[in-house]
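Below is the file final-v9.cif, which contains mmCIF, C-alpha atoms.
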data_query
loop_
_atom_site.label_atom_id
_atom_site.label_comp_id
_atom_site.auth_asym_id
_atom_site.auth_seq_id
_atom_site.Cartn_x
_atom_site.Cartn_y
_atom_site.Cartn_z
CA MET M 54 18.35 -18.48 57.36
CA LYS M 55 14.76 -17.52 58.10
CA THR M 56 15.69 -13.85 57.89
CA THR M 57 17.35 -14.43 54.51
CA TRP M 58 14.18 -15.99 53.06
CA ILE M 59 12.04 -13.15 54.37
CA LEU M 60 14.34 -10.57 52.77
CA LEU M 61 14.33 -12.50 49.49
CA LEU M 62 10.55 -12.67 49.42
CA LEU M 63 10.28 -8.97 50.19
CA GLY M 64 12.68 -8.20 47.35
CA LEU M 65 10.69 -10.27 44.88
CA ALA M 66 7.50 -8.58 45.97
CA MET M 67 9.05 -5.16 45.38
CA LEU M 68 10.25 -6.19 41.91
CA ALA M 69 6.81 -7.51 41.01
CA GLY M 70 5.21 -4.29 42.21
CA CYS M 71 7.60 -2.27 40.00
CA GLY M 72 6.91 -4.42 36.95
CA GLY M 73 10.28 -6.17 37.07
CA ILE M 74 8.68 -9.63 37.17
CA GLN M 75 5.42 -10.71 35.55
CA GLN M 76 3.02 -11.63 38.35
CA ALA M 77 1.88 -15.23 38.27
CA GLY M 78 -1.35 -15.55 36.31
CA ALA M 79 -1.30 -11.93 35.11
CA PRO M 80 -2.09 -11.56 31.39
CA VAL M 81 0.59 -10.52 28.92
CA ARG M 82 -0.23 -7.10 27.47
CA LEU M 83 0.62 -6.30 23.86
CA THR M 84 0.21 -3.17 21.75
CA LEU M 85 -0.80 -3.32 18.10
CA PHE M 86 -0.12 -0.23 15.98
CA THR M 87 -2.46 0.41 13.03
CA TRP M 88 -3.21 3.42 10.82
CA THR M 89 -6.74 2.89 9.54
CA LYS M 90 -9.99 4.71 9.01
CA PRO M 91 -12.89 4.05 11.42
CA GLU M 92 -14.51 1.31 9.33
CA GLU M 93 -11.30 -0.71 9.17
CA LEU M 94 -10.54 -0.06 12.83
CA LYS M 95 -13.85 -1.71 13.76
CA VAL M 96 -12.92 -4.81 11.78
CA ASN M 97 -9.48 -4.91 13.41
CA GLN M 98 -11.08 -4.58 16.84
CA LYS M 99 -13.37 -7.50 16.09
CA LEU M 100 -10.48 -9.67 14.91
CA VAL M 101 -8.38 -8.76 17.95
CA GLY M 102 -11.38 -9.57 20.14
CA GLU M 103 -11.54 -13.03 18.57
CA PHE M 104 -7.81 -13.47 19.19
CA MET M 105 -8.12 -12.52 22.87
CA GLN M 106 -11.07 -14.83 23.32
CA ALA M 107 -8.99 -17.70 21.98
CA ASN M 108 -5.96 -16.56 23.99
CA PRO M 109 -7.34 -15.32 27.35
CA LYS M 110 -3.87 -14.82 28.82
CA ILE M 111 -2.99 -12.21 26.19
CA LYS M 112 -4.50 -8.71 26.18
CA VAL M 113 -4.08 -6.49 23.11
CA GLU M 114 -4.41 -2.72 22.97
CA ILE M 115 -4.80 -1.20 19.51
CA VAL M 116 -3.01 2.11 19.00
CA ASN M 117 -4.53 3.56 15.84
CA GLU M 118 -3.28 6.66 14.02
CA PRO M 119 -5.63 7.47 11.10
CA SER M 120 -3.76 10.58 9.90
CA ARG M 121 -1.20 10.74 7.11
CA GLY M 122 1.43 11.23 9.77
CA ALA M 123 1.00 7.65 10.99
CA MET M 124 4.42 6.45 9.87
CA ASP M 125 6.05 9.50 11.45
CA LYS M 126 4.33 8.63 14.72
CA LEU M 127 5.45 5.01 14.47
CA GLN M 128 9.05 6.03 13.88
CA SER M 129 8.85 8.40 16.84
CA MET M 130 7.55 5.59 19.05
CA ILE M 131 10.43 3.37 17.97
CA ALA M 132 12.99 6.12 18.48
CA GLY M 133 11.50 6.88 21.90
CA ARG M 134 11.86 3.23 22.98
CA SER M 135 8.10 2.75 23.18
CA ALA M 136 7.73 0.65 20.06
CA PRO M 137 4.49 -1.33 19.71
CA ASP M 138 4.87 -5.10 19.96
CA VAL M 139 3.21 -5.68 16.59
CA MET M 140 2.88 -2.99 13.97
CA SER M 141 1.32 -2.32 10.60
CA ILE M 142 3.86 -0.70 8.27
CA HIS M 143 3.46 1.01 4.91
CA GLY M 144 5.47 -0.93 2.32
CA ALA M 145 7.77 2.04 1.63
CA TYR M 146 8.92 2.13 5.28
CA PHE M 147 9.77 -1.54 5.71
CA ILE M 148 13.36 -1.47 4.44
CA PRO M 149 14.40 1.67 6.38
CA LEU M 150 13.05 0.16 9.62
CA ALA M 151 14.61 -3.23 8.95
CA ASP M 152 17.91 -1.55 8.13
CA LYS M 153 17.84 0.26 11.49
CA GLY M 154 17.35 -3.02 13.36
CA ALA M 155 13.87 -2.04 14.56
CA LEU M 156 12.15 -5.25 13.42
CA LEU M 157 12.33 -8.81 14.69
CA ASP M 158 13.93 -11.43 12.42
CA LEU M 159 11.11 -13.88 11.62
CA ASP M 160 13.12 -16.64 9.94
CA GLU M 161 12.81 -19.12 12.82
CA TYR M 162 9.16 -18.34 13.57
CA VAL M 163 7.82 -18.88 10.04
CA LYS M 164 9.21 -22.40 9.99
CA GLU M 165 6.16 -23.53 11.98
CA ALA M 166 4.30 -25.97 9.74
CA ASP M 167 0.84 -24.60 10.50
CA PHE M 168 1.85 -21.09 9.41
CA GLU M 169 2.30 -22.19 5.77
CA LEU M 170 4.69 -19.54 4.53
CA ASN M 171 4.47 -21.03 1.04
CA ASP M 172 0.82 -19.97 0.91
CA PHE M 173 1.92 -16.35 0.51
CA TYR M 174 2.73 -15.11 -3.00
CA PRO M 175 6.48 -15.72 -3.32
CA GLN M 176 7.16 -12.33 -4.90
CA LEU M 177 5.60 -10.69 -1.85
CA VAL M 178 7.69 -12.78 0.54
CA ASP M 179 10.83 -11.75 -1.32
CA LEU M 180 9.83 -8.10 -0.91
CA CYS M 181 9.68 -8.60 2.85
CA LYS M 182 13.30 -9.70 3.14
CA TRP M 183 16.23 -7.48 3.93
CA LYS M 184 19.81 -8.70 3.64
CA GLY M 185 18.60 -12.29 3.37
CA SER M 186 16.28 -12.36 6.40
CA LEU M 187 12.52 -12.06 6.68
CA TYR M 188 11.31 -9.14 8.79
CA SER M 189 7.64 -8.74 7.88
CA LEU M 190 4.79 -10.14 5.82
CA PRO M 191 1.95 -8.43 3.96
CA ARG M 192 -1.43 -8.39 5.65
CA TYR M 193 -2.78 -7.69 2.19
CA THR M 194 -1.47 -6.77 -1.23
CA SER M 195 -2.69 -4.34 -3.84
CA VAL M 196 -2.31 -3.55 -7.53
CA TYR M 197 -3.29 -0.65 -9.72
CA VAL M 198 -6.02 -1.35 -12.25
CA LEU M 199 -8.25 0.80 -14.44
CA PHE M 200 -11.58 1.76 -12.88
CA TYR M 201 -14.13 3.06 -15.35
CA ASN M 202 -17.62 4.55 -15.37
CA LYS M 203 -19.91 2.25 -17.36
CA ASP M 204 -22.55 4.93 -17.89
CA LEU M 205 -20.07 7.30 -19.53
CA PHE M 206 -18.77 4.53 -21.77
CA ASP M 207 -22.34 3.61 -22.75
CA ALA M 208 -23.27 7.22 -23.47
CA ALA M 209 -20.23 7.61 -25.73
CA GLY M 210 -20.98 4.33 -27.55
CA LEU M 211 -17.67 2.84 -26.46
CA ALA M 212 -16.82 -0.79 -25.78
CA TYR M 213 -15.57 -1.39 -22.25
CA PRO M 214 -11.77 -1.67 -21.69
CA ASP M 215 -10.21 -5.13 -21.83
CA ASP M 216 -6.75 -6.70 -21.84
CA SER M 217 -6.17 -5.73 -25.49
CA TRP M 218 -6.20 -2.02 -24.74
CA THR M 219 -3.16 0.13 -25.53
CA TRP M 220 -2.35 3.74 -24.74
CA ASP M 221 -3.90 4.65 -28.10
CA ASN M 222 -7.20 3.02 -27.10
CA TYR M 223 -7.05 4.81 -23.78
CA LEU M 224 -6.50 8.22 -25.38
CA ALA M 225 -9.20 7.70 -28.02
CA ALA M 226 -11.76 6.75 -25.38
CA ALA M 227 -10.74 9.65 -23.14
CA LYS M 228 -11.25 12.12 -25.99
CA LYS M 229 -14.68 10.75 -26.78
CA MET M 230 -15.86 11.03 -23.17
CA THR M 231 -14.53 14.56 -22.61
CA HIS M 232 -16.98 17.44 -23.11
CA PRO M 233 -18.35 20.50 -21.30
CA GLY M 234 -21.26 19.87 -18.97
CA ALA M 235 -24.60 21.59 -19.30
CA GLU M 236 -23.96 23.59 -16.13
CA GLN M 237 -20.96 25.53 -14.90
CA GLY M 238 -18.56 23.32 -12.96
CA SER M 239 -19.91 20.09 -14.44
CA TYR M 240 -17.22 19.57 -17.09
CA GLN M 241 -16.79 15.88 -17.87
CA TYR M 242 -13.34 14.38 -18.42
CA GLY M 243 -12.45 11.12 -20.11
CA CYS M 244 -9.77 10.26 -17.58
CA LEU M 245 -8.08 11.42 -14.40
CA ILE M 246 -4.31 11.38 -14.02
CA GLN M 247 -2.66 11.58 -10.62
CA PHE M 248 0.80 12.81 -11.46
CA TRP M 249 2.75 11.79 -8.39
CA GLY M 250 4.70 8.97 -6.79
CA ALA M 251 3.53 5.43 -7.26
CA ARG M 252 0.69 6.48 -9.61
CA LEU M 253 3.34 7.19 -12.25
CA TYR M 254 5.35 3.98 -12.01
CA PRO M 255 3.06 1.73 -14.12
CA TRP M 256 3.24 4.18 -17.02
CA LEU M 257 7.05 4.16 -16.87
CA TRP M 258 7.21 0.36 -16.79
CA GLN M 259 4.68 -0.03 -19.59
CA ASN M 260 7.00 1.99 -21.83
CA GLY M 261 10.12 0.05 -20.82
CA GLY M 262 11.42 2.60 -18.33
CA ASP M 263 12.07 2.65 -14.58
CA LEU M 264 12.82 5.15 -11.86
CA LEU M 265 16.08 3.55 -10.73
CA SER M 266 18.59 1.15 -12.24
CA ALA M 267 18.28 -2.53 -11.36
CA ASP M 268 21.04 -2.25 -8.73
CA ARG M 269 19.30 0.82 -7.22
CA LYS M 270 22.48 2.87 -7.58
CA ARG M 271 21.46 5.25 -10.36
CA CYS M 272 18.41 7.33 -11.32
CA THR M 273 17.03 6.45 -14.76
CA LEU M 274 14.06 8.80 -14.87
CA ASP M 275 15.86 10.83 -17.55
CA SER M 276 15.85 7.88 -19.99
CA PRO M 277 14.00 8.30 -23.33
CA GLU M 278 11.43 5.70 -22.22
CA CYS M 279 10.58 7.52 -18.99
CA ARG M 280 10.49 10.93 -20.61
CA GLU M 281 8.16 9.67 -23.34
CA ALA M 282 5.79 8.21 -20.73
CA LEU M 283 5.75 11.38 -18.64
CA LYS M 284 5.20 13.57 -21.70
CA PHE M 285 2.25 11.38 -22.70
CA LEU M 286 0.65 12.05 -19.32
CA VAL M 287 1.39 15.79 -19.35
CA ASP M 288 -0.06 15.99 -22.87
CA LEU M 289 -3.28 14.41 -21.62
CA ARG M 290 -3.74 17.57 -19.54
CA TYR M 291 -2.37 20.38 -21.71
CA LYS M 292 -2.56 19.12 -25.29
CA ASP M 293 -5.47 16.68 -25.36
CA LYS M 294 -7.30 18.31 -22.42
CA VAL M 295 -8.90 15.02 -21.35
CA THR M 296 -7.89 15.11 -17.67
CA PRO M 297 -8.43 17.79 -15.05
CA GLY M 298 -5.66 19.39 -13.05
CA THR M 299 -5.37 17.09 -10.06
CA SER M 300 -3.92 17.69 -6.62
CA THR M 301 -0.64 16.10 -5.57
CA THR M 302 -1.69 16.28 -1.93
CA ASN M 303 -5.35 15.24 -1.84
CA PRO M 304 -6.14 11.94 -3.59
CA ASP M 305 -9.51 11.83 -1.82
CA GLN M 306 -10.54 14.91 -3.79
CA ASP M 307 -9.63 13.10 -7.01
CA LEU M 308 -11.68 10.06 -6.02
CA ALA M 309 -14.64 12.34 -5.28
CA MET M 310 -14.54 13.52 -8.89
CA PHE M 311 -14.84 9.91 -10.06
CA THR M 312 -17.67 9.07 -7.66
CA SER M 313 -19.50 12.22 -8.80
CA GLY M 314 -19.80 10.67 -12.27
CA ARG M 315 -17.62 13.26 -14.01
CA ILE M 316 -14.62 11.01 -14.81
CA GLY M 317 -14.55 8.19 -17.36
CA MET M 318 -11.40 6.34 -16.22
CA MET M 319 -9.11 6.41 -13.22
CA LEU M 320 -6.06 4.39 -12.19
CA THR M 321 -6.42 3.22 -8.60
CA GLY M 322 -6.68 0.08 -6.46
CA ALA M 323 -8.95 -2.02 -4.29
CA TRP M 324 -8.55 0.35 -1.34
CA ASP M 325 -11.00 2.76 -3.05
CA ILE M 326 -13.73 0.18 -3.56
CA GLN M 327 -15.27 0.91 -0.16
CA SER M 328 -16.03 4.44 -1.36
CA LEU M 329 -17.24 3.27 -4.77
CA ARG M 330 -19.65 0.67 -3.46
CA ASN M 331 -21.12 3.22 -1.05
CA THR M 332 -21.93 5.67 -3.87
CA PRO M 333 -25.59 5.28 -4.94
CA GLY M 334 -26.20 5.01 -8.66
CA LEU M 335 -22.52 4.74 -9.67
CA ARG M 336 -22.05 1.96 -12.25
CA TRP M 337 -18.38 1.08 -12.38
CA GLU M 338 -16.10 -1.81 -13.23
CA ALA M 339 -12.39 -2.65 -13.17
CA ALA M 340 -10.15 -3.64 -16.08
CA PRO M 341 -6.41 -4.16 -16.67
CA LEU M 342 -4.32 -1.07 -17.24
CA PRO M 343 -3.62 -0.25 -20.90
CA LYS M 344 -0.25 -1.34 -22.26
CA LYS M 345 2.40 0.28 -24.45
CA LYS M 346 5.55 -1.75 -25.06
CA THR M 347 4.55 -4.21 -22.37
CA ARG M 348 1.85 -4.79 -19.75
CA ALA M 349 2.71 -3.64 -16.26
CA THR M 350 1.20 -2.45 -13.02
CA MET M 351 2.51 -1.83 -9.52
CA MET M 352 2.32 -4.26 -6.65
CA GLY M 353 2.02 -2.72 -3.23
CA MET M 354 1.51 -4.06 0.23
CA GLU M 355 0.95 -3.15 3.84
CA ASN M 356 2.95 -5.26 6.23
CA TYR M 357 2.74 -6.59 9.74
CA ALA M 358 6.00 -6.77 11.68
CA ILE M 359 7.12 -7.43 15.25
CA SER M 360 9.31 -5.04 17.19
CA ALA M 361 12.87 -6.19 17.79
CA THR M 362 12.56 -4.84 21.33
CA THR M 363 9.31 -6.55 22.32
CA GLN M 364 9.39 -8.08 25.77
CA HIS M 365 6.95 -10.75 24.62
CA PRO M 366 8.18 -12.22 21.33
CA LYS M 367 6.26 -15.50 21.73
CA GLU M 368 2.92 -13.82 22.36
CA SER M 369 3.60 -11.19 19.70
CA TRP M 370 4.22 -13.98 17.20
CA GLU M 371 0.89 -15.58 18.11
CA LEU M 372 -0.90 -12.27 17.41
CA PHE M 373 1.09 -11.76 14.21
CA LYS M 374 0.24 -15.28 13.06
CA PHE M 375 -3.47 -14.81 13.76
CA LEU M 376 -3.68 -11.48 11.94
CA LEU M 377 -2.00 -13.01 8.89
CA GLY M 378 -4.06 -16.20 8.97
CA LYS M 379 -6.59 -17.36 6.40
CA HIS M 380 -9.56 -16.40 8.56
CA ALA M 381 -8.35 -12.82 9.09
CA GLN M 382 -7.55 -12.35 5.40
CA THR M 383 -10.97 -13.70 4.39
CA VAL M 384 -12.65 -11.26 6.76
CA MET M 385 -10.54 -8.35 5.46
CA GLY M 386 -11.45 -9.18 1.88
CA ASP M 387 -15.14 -9.57 2.66
CA LYS M 388 -15.58 -6.55 4.89
CA LEU M 389 -12.96 -4.14 3.54
CA GLU M 390 -12.13 -5.24 -0.02
CA LYS M 391 -8.53 -6.00 0.94
CA GLN M 392 -6.76 -8.13 -1.66
CA PRO M 393 -5.37 -11.23 0.10
CA SER M 394 -1.66 -11.96 0.19
CA ARG M 395 -2.34 -15.66 0.74
CA LYS M 396 -2.88 -17.57 -2.49
CA SER M 397 -5.44 -19.94 -0.97
CA VAL M 398 -7.64 -17.01 0.09
CA ALA M 399 -7.16 -15.03 -3.13
CA ASP M 400 -7.98 -18.01 -5.37
CA GLY M 401 -10.73 -19.23 -3.04
CA PRO M 402 -13.18 -17.08 -1.07
CA TYR M 403 -11.90 -13.79 -2.51
CA VAL M 404 -12.53 -14.44 -6.23
CA THR M 405 -15.57 -16.69 -5.71
CA ALA M 406 -17.44 -14.19 -3.53
CA LYS M 407 -20.57 -12.70 -5.07
CA VAL M 408 -19.61 -9.08 -5.73
CA SER M 409 -20.66 -6.56 -8.38
CA TYR M 410 -17.26 -6.31 -10.08
CA ASN M 411 -14.57 -8.58 -11.50
CA ARG M 412 -12.11 -9.47 -8.74
CA LYS M 413 -10.12 -11.71 -11.07
CA VAL M 414 -8.65 -8.56 -12.64
CA PHE M 415 -6.84 -7.82 -9.38
CA VAL M 416 -5.55 -11.36 -8.83
CA GLN M 417 -4.42 -11.75 -12.44
CA ALA M 418 -2.56 -8.44 -12.31
CA LEU M 419 -0.08 -9.95 -9.85
CA ASP M 420 1.33 -11.97 -12.76
CA TYR M 421 2.70 -8.83 -14.43
CA ALA M 422 3.08 -6.50 -11.46
CA HIS M 423 6.34 -4.73 -10.66
CA ILE M 424 7.61 -3.54 -7.31
CA ALA M 425 8.30 0.08 -6.47
CA PRO M 426 11.94 1.04 -5.94
CA ASN M 427 12.82 1.00 -2.27
CA VAL M 428 16.11 1.99 -0.70
CA PRO M 429 17.05 2.71 2.93
CA ASN M 430 17.23 6.49 2.44
CA TRP M 431 14.05 6.73 0.36
CA GLU M 432 12.57 9.42 2.59
CA ARG M 433 15.50 11.72 1.78
CA ILE M 434 15.29 10.93 -1.92
CA ARG M 435 11.55 11.30 -2.45
CA PRO M 436 11.36 15.13 -2.17
CA TYR M 437 13.96 15.45 -4.93
CA ILE M 438 11.58 13.50 -7.17
CA ASP M 439 8.27 14.99 -6.08
CA ARG M 440 9.07 18.69 -6.37
CA PRO M 441 10.27 18.79 -10.02
CA LEU M 442 7.49 16.43 -11.11
CA GLU M 443 4.92 18.71 -9.50
CA LYS M 444 6.37 21.65 -11.46
CA ALA M 445 6.14 19.62 -14.67
CA TRP M 446 2.48 18.80 -13.95
CA LEU M 447 1.73 22.46 -13.24
CA GLY M 448 3.36 23.52 -16.51
CA GLN M 449 6.16 25.36 -14.72
CA MET M 450 8.95 23.09 -15.98
CA GLY M 451 9.41 20.85 -19.00
CA VAL M 452 9.65 17.08 -18.56
CA ASP M 453 13.23 16.95 -19.84
CA GLU M 454 14.37 19.68 -17.45
CA ALA M 455 12.49 18.14 -14.52
CA THR M 456 13.85 14.62 -15.01
CA GLY M 457 17.37 15.94 -15.56
CA GLN M 458 17.23 17.81 -12.25
CA ILE M 459 15.73 14.79 -10.49
CA CYS M 460 18.45 12.39 -11.59
CA LYS M 461 21.21 14.83 -10.67
CA ASP M 462 19.87 15.14 -7.10
CA VAL M 463 18.89 11.49 -6.68
CA ASP M 464 22.25 10.20 -7.89
CA ARG M 465 23.94 12.39 -5.29
CA GLU M 466 21.78 10.89 -2.51
CA LEU M 467 22.19 7.32 -3.76
CA ALA M 468 25.96 7.75 -3.59
CA LYS M 469 25.63 8.33 0.18
CA GLN M 470 24.12 4.88 0.87
#

What would the structure in this file look like if it were written as structure tokens?
Amino acid sequence: MKTTWILLLLGLAMLAGCGGIQQAGAPVRLTLFTWTKPEELKVNQKLVGEFMQANPKIKVEIVNEPSRGAMDKLQSMIAGRSAPDVMSIHGAYFIPLADKGALLDLDEYVKEADFELNDFYPQLVDLCKWKGSLYSLPRYTSVYVLFYNKDLFDAAGLAYPDDSWTWDNYLAAAKKMTHPGAEQGSYQYGCLIQFWGARLYPWLWQNGGDLLSADRKRCTLDSPECREALKFLVDLRYKDKVTPGTSTTNPDQDLAMFTSGRIGMMLTGAWDIQSLRNTPGLRWEAAPLPKKKTRATMMGMENYAISATTQHPKESWELFKFLLGKHAQTVMGDKLEKQPSRKSVADGPYVTAKVSYNRKVFVQALDYAHIAPNVPNWERIRPYIDRPLEKAWLGQMGVDEATGQICKDVDRELAKQ
């Protein structure tokens, strides 16, 4: 009997040494995947430090990938069975990952009373569900609004944009602010159009169009409403000449044109405010997007989720809960201009903070914001949309031809779902 106990103890010791059993008193180690720039990484590190101080038996390692290939890296980690315990996911990748079973079902966890799921905007919560279950929640939300240069408006004798503005007002103001600069390379444009992806969706919706049908089974980009909206934008470049030729691959270059003081108006979101507020002498403000048949903008989000294969679901949930708490969202709004996904934070410390611009524009935009189309095979579909649209923006293909080709290819891919 004594020999049996000795052998048993030796076996347990070997298992513990190989990682098979968590040693008594040893901290649980979690990985948190993020994809942020250095300034945001520092804030995340501070928040994680606070979490570990409050939870000394949990250690968190941040794995940050700041490049545009971050989601590719995350998918590779998941495919290679080294998924992070908690991960930050771009909104466009949530459904494909949930559909593959890579994310933990959160339905039972969010029932905790102190989590207050009803504090999140309900339309955002709905976006985080797949096949009836909740698999993620937004660490912040975002909307497109109209950023404008107050100095250029003042110099042109124009009133600032407001919620009464239409496409006609937008075009008239853009024309008045467009003129050659005194020096070569200093041409001033009334607006800047980024003719790609999500930057196009608000224009489609404002004119009563959409990229896909409501059941997500058919491409509708070739509808009269969508074609009219796209032609309006192309005309801004080639007919009205009020926007420069922008890159479809380098949005930072486009933002640099605005911060240089050469652009009157630009559609973007709160994520660019860090750059704007760090630009000396730039007087800017935010306003609602102009409307056509209706008012519309796009609602986006970046989500936190927990891996379905985590070995520590309880501790991962505690980290998830902390990162989505009111304190963390207040810090993110204050330090990084992140728009809160919790109503209590958005309507409280976010809009009441003393800042140089009108934050209410962003919160109010959620009332008329639409969601981007999202389907499990979106990554296969997107190139069929991007390539013809790029040709249309470069003047190499007409809008009607481009949208016709897009819908033919997209419909074929949608039929495979």

Please write the residues picked by the PyMOL selection byres ((chain M and resi 377) around 9) on this file as a VMD selection string.
chain M and resid 168 190 to 193 357 372 to 376 378 to 382 394 to 395

Name the closest residue to Met450 of chain M among the candidates M:Thr332, M:Val287, M:Pro341, M:Lys112; distances are taken between atoms, counting all atoms listed in the file.
M:Val287

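Candidate residues M:Ala349, M:Ala225, M:Leu389, M:Val428 were compared for distance to Leu150 of chain M, and the nearest is M:Val428, using all atoms listed in the file.
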
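Of the listed residues (M:Leu265, M:Leu211, M:Ala151, M:Leu289), M:Leu289 comes nearest to Ile246 of chain M; the distances count all atoms listed in the file.
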
Run the PyMOL selection byres ((chain M and resi 468) around 12) on the file and write out the hits as a ChimeraX atom specification.
/M:269-272,428,430,434,460-467,469-470

For a test of reading the model, state the distance in Å between atom CA of Glu371 of chain M and atom CA of Ile131 of chain M, rounded to one decimal.
21.2 Å

Please indicate the distance in Å from atom CA of Lys90 of chain M to atom CA of Ala145 of chain M, rounded to one decimal place.
19.4 Å

Taken to one decimal, the atom CA of Asp420 of chain M-atom CA of Ser189 of chain M distance is 21.8 Å

Name every residue that the PyMOL selection byres ((chain M and resi 339) around 9) selects in this structure, writing the answer as a list in words with chains first and numbers rising.
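Output from the PyMOL selection byres ((chain M and resi 339) around 9), applied to this file: Val198, Leu199, Phe200, Tyr201, Pro214, Trp337, Glu338, Ala340, Pro341, Tyr410, Asn411, Arg412, Val414 and Phe415 of chain M.
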
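Minimum distance to Pro426 of chain M across M:Gly353, M:Pro343, M:Gly334, M:Pro402 (counting all atoms listed in the file) occurs at M:Gly353.
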
Could you add the missing atoms to segment 241-260 of chain M, up to N, CA and C atoms, and return them as a tab-separated table (two decimals), in the frame of the given file?
chain	number	residue	atom	x	y	z
M	241	GLN	N	-17.04	17.33	-17.94
M	241	GLN	CA	-16.79	15.88	-17.87
M	241	GLN	C	-15.48	15.55	-18.56
M	242	TYR	N	-14.65	14.76	-17.89
M	242	TYR	CA	-13.34	14.38	-18.42
M	242	TYR	C	-13.30	12.88	-18.70
M	243	GLY	N	-12.57	12.53	-19.76
M	243	GLY	CA	-12.45	11.12	-20.11
M	243	GLY	C	-11.59	10.32	-19.16
M	244	CYS	N	-10.64	10.97	-18.51
M	244	CYS	CA	-9.77	10.26	-17.58
M	244	CYS	C	-9.30	11.21	-16.48
M	245	LEU	N	-8.67	10.63	-15.49
M	245	LEU	CA	-8.08	11.42	-14.40
M	245	LEU	C	-6.69	10.88	-14.14
M	246	ILE	N	-5.70	11.76	-14.25
M	246	ILE	CA	-4.31	11.38	-14.02
M	246	ILE	C	-3.82	11.98	-12.72
M	247	GLN	N	-3.29	11.13	-11.85
M	247	GLN	CA	-2.66	11.58	-10.62
M	247	GLN	C	-1.15	11.53	-10.83
M	248	PHE	N	-0.59	12.70	-11.02
M	248	PHE	CA	0.80	12.81	-11.46
M	248	PHE	C	1.75	12.89	-10.27
M	249	TRP	N	1.85	11.79	-9.55
M	249	TRP	CA	2.75	11.79	-8.39
M	249	TRP	C	3.08	10.35	-7.99
M	250	GLY	N	4.26	10.21	-7.43
M	250	GLY	CA	4.70	8.97	-6.79
M	250	GLY	C	4.35	7.70	-7.52
M	251	ALA	N	3.80	6.77	-6.75
M	251	ALA	CA	3.53	5.43	-7.26
M	251	ALA	C	2.53	5.41	-8.39
M	252	ARG	N	1.68	6.45	-8.52
M	252	ARG	CA	0.69	6.48	-9.61
M	252	ARG	C	1.36	6.60	-10.97
M	253	LEU	N	2.62	7.02	-10.98
M	253	LEU	CA	3.34	7.19	-12.25
M	253	LEU	C	4.09	5.93	-12.68
M	254	TYR	N	4.46	5.11	-11.71
M	254	TYR	CA	5.35	3.98	-12.01
M	254	TYR	C	4.81	3.05	-13.10
M	255	PRO	N	3.53	2.65	-13.07
M	255	PRO	CA	3.06	1.73	-14.12
M	255	PRO	C	3.26	2.29	-15.52
M	256	TRP	N	3.06	3.59	-15.70
M	256	TRP	CA	3.24	4.18	-17.02
M	256	TRP	C	4.70	4.09	-17.47
M	257	LEU	N	5.63	4.28	-16.54
M	257	LEU	CA	7.05	4.16	-16.87
M	257	LEU	C	7.38	2.74	-17.30
M	258	TRP	N	6.92	1.77	-16.50
M	258	TRP	CA	7.21	0.36	-16.79
M	258	TRP	C	6.57	-0.10	-18.10
M	259	GLN	N	5.36	0.37	-18.37
M	259	GLN	CA	4.68	-0.03	-19.59
M	259	GLN	C	5.45	0.41	-20.84
M	260	ASN	N	6.23	1.48	-20.69
M	260	ASN	CA	7.00	1.99	-21.83
M	260	ASN	C	8.46	1.53	-21.79
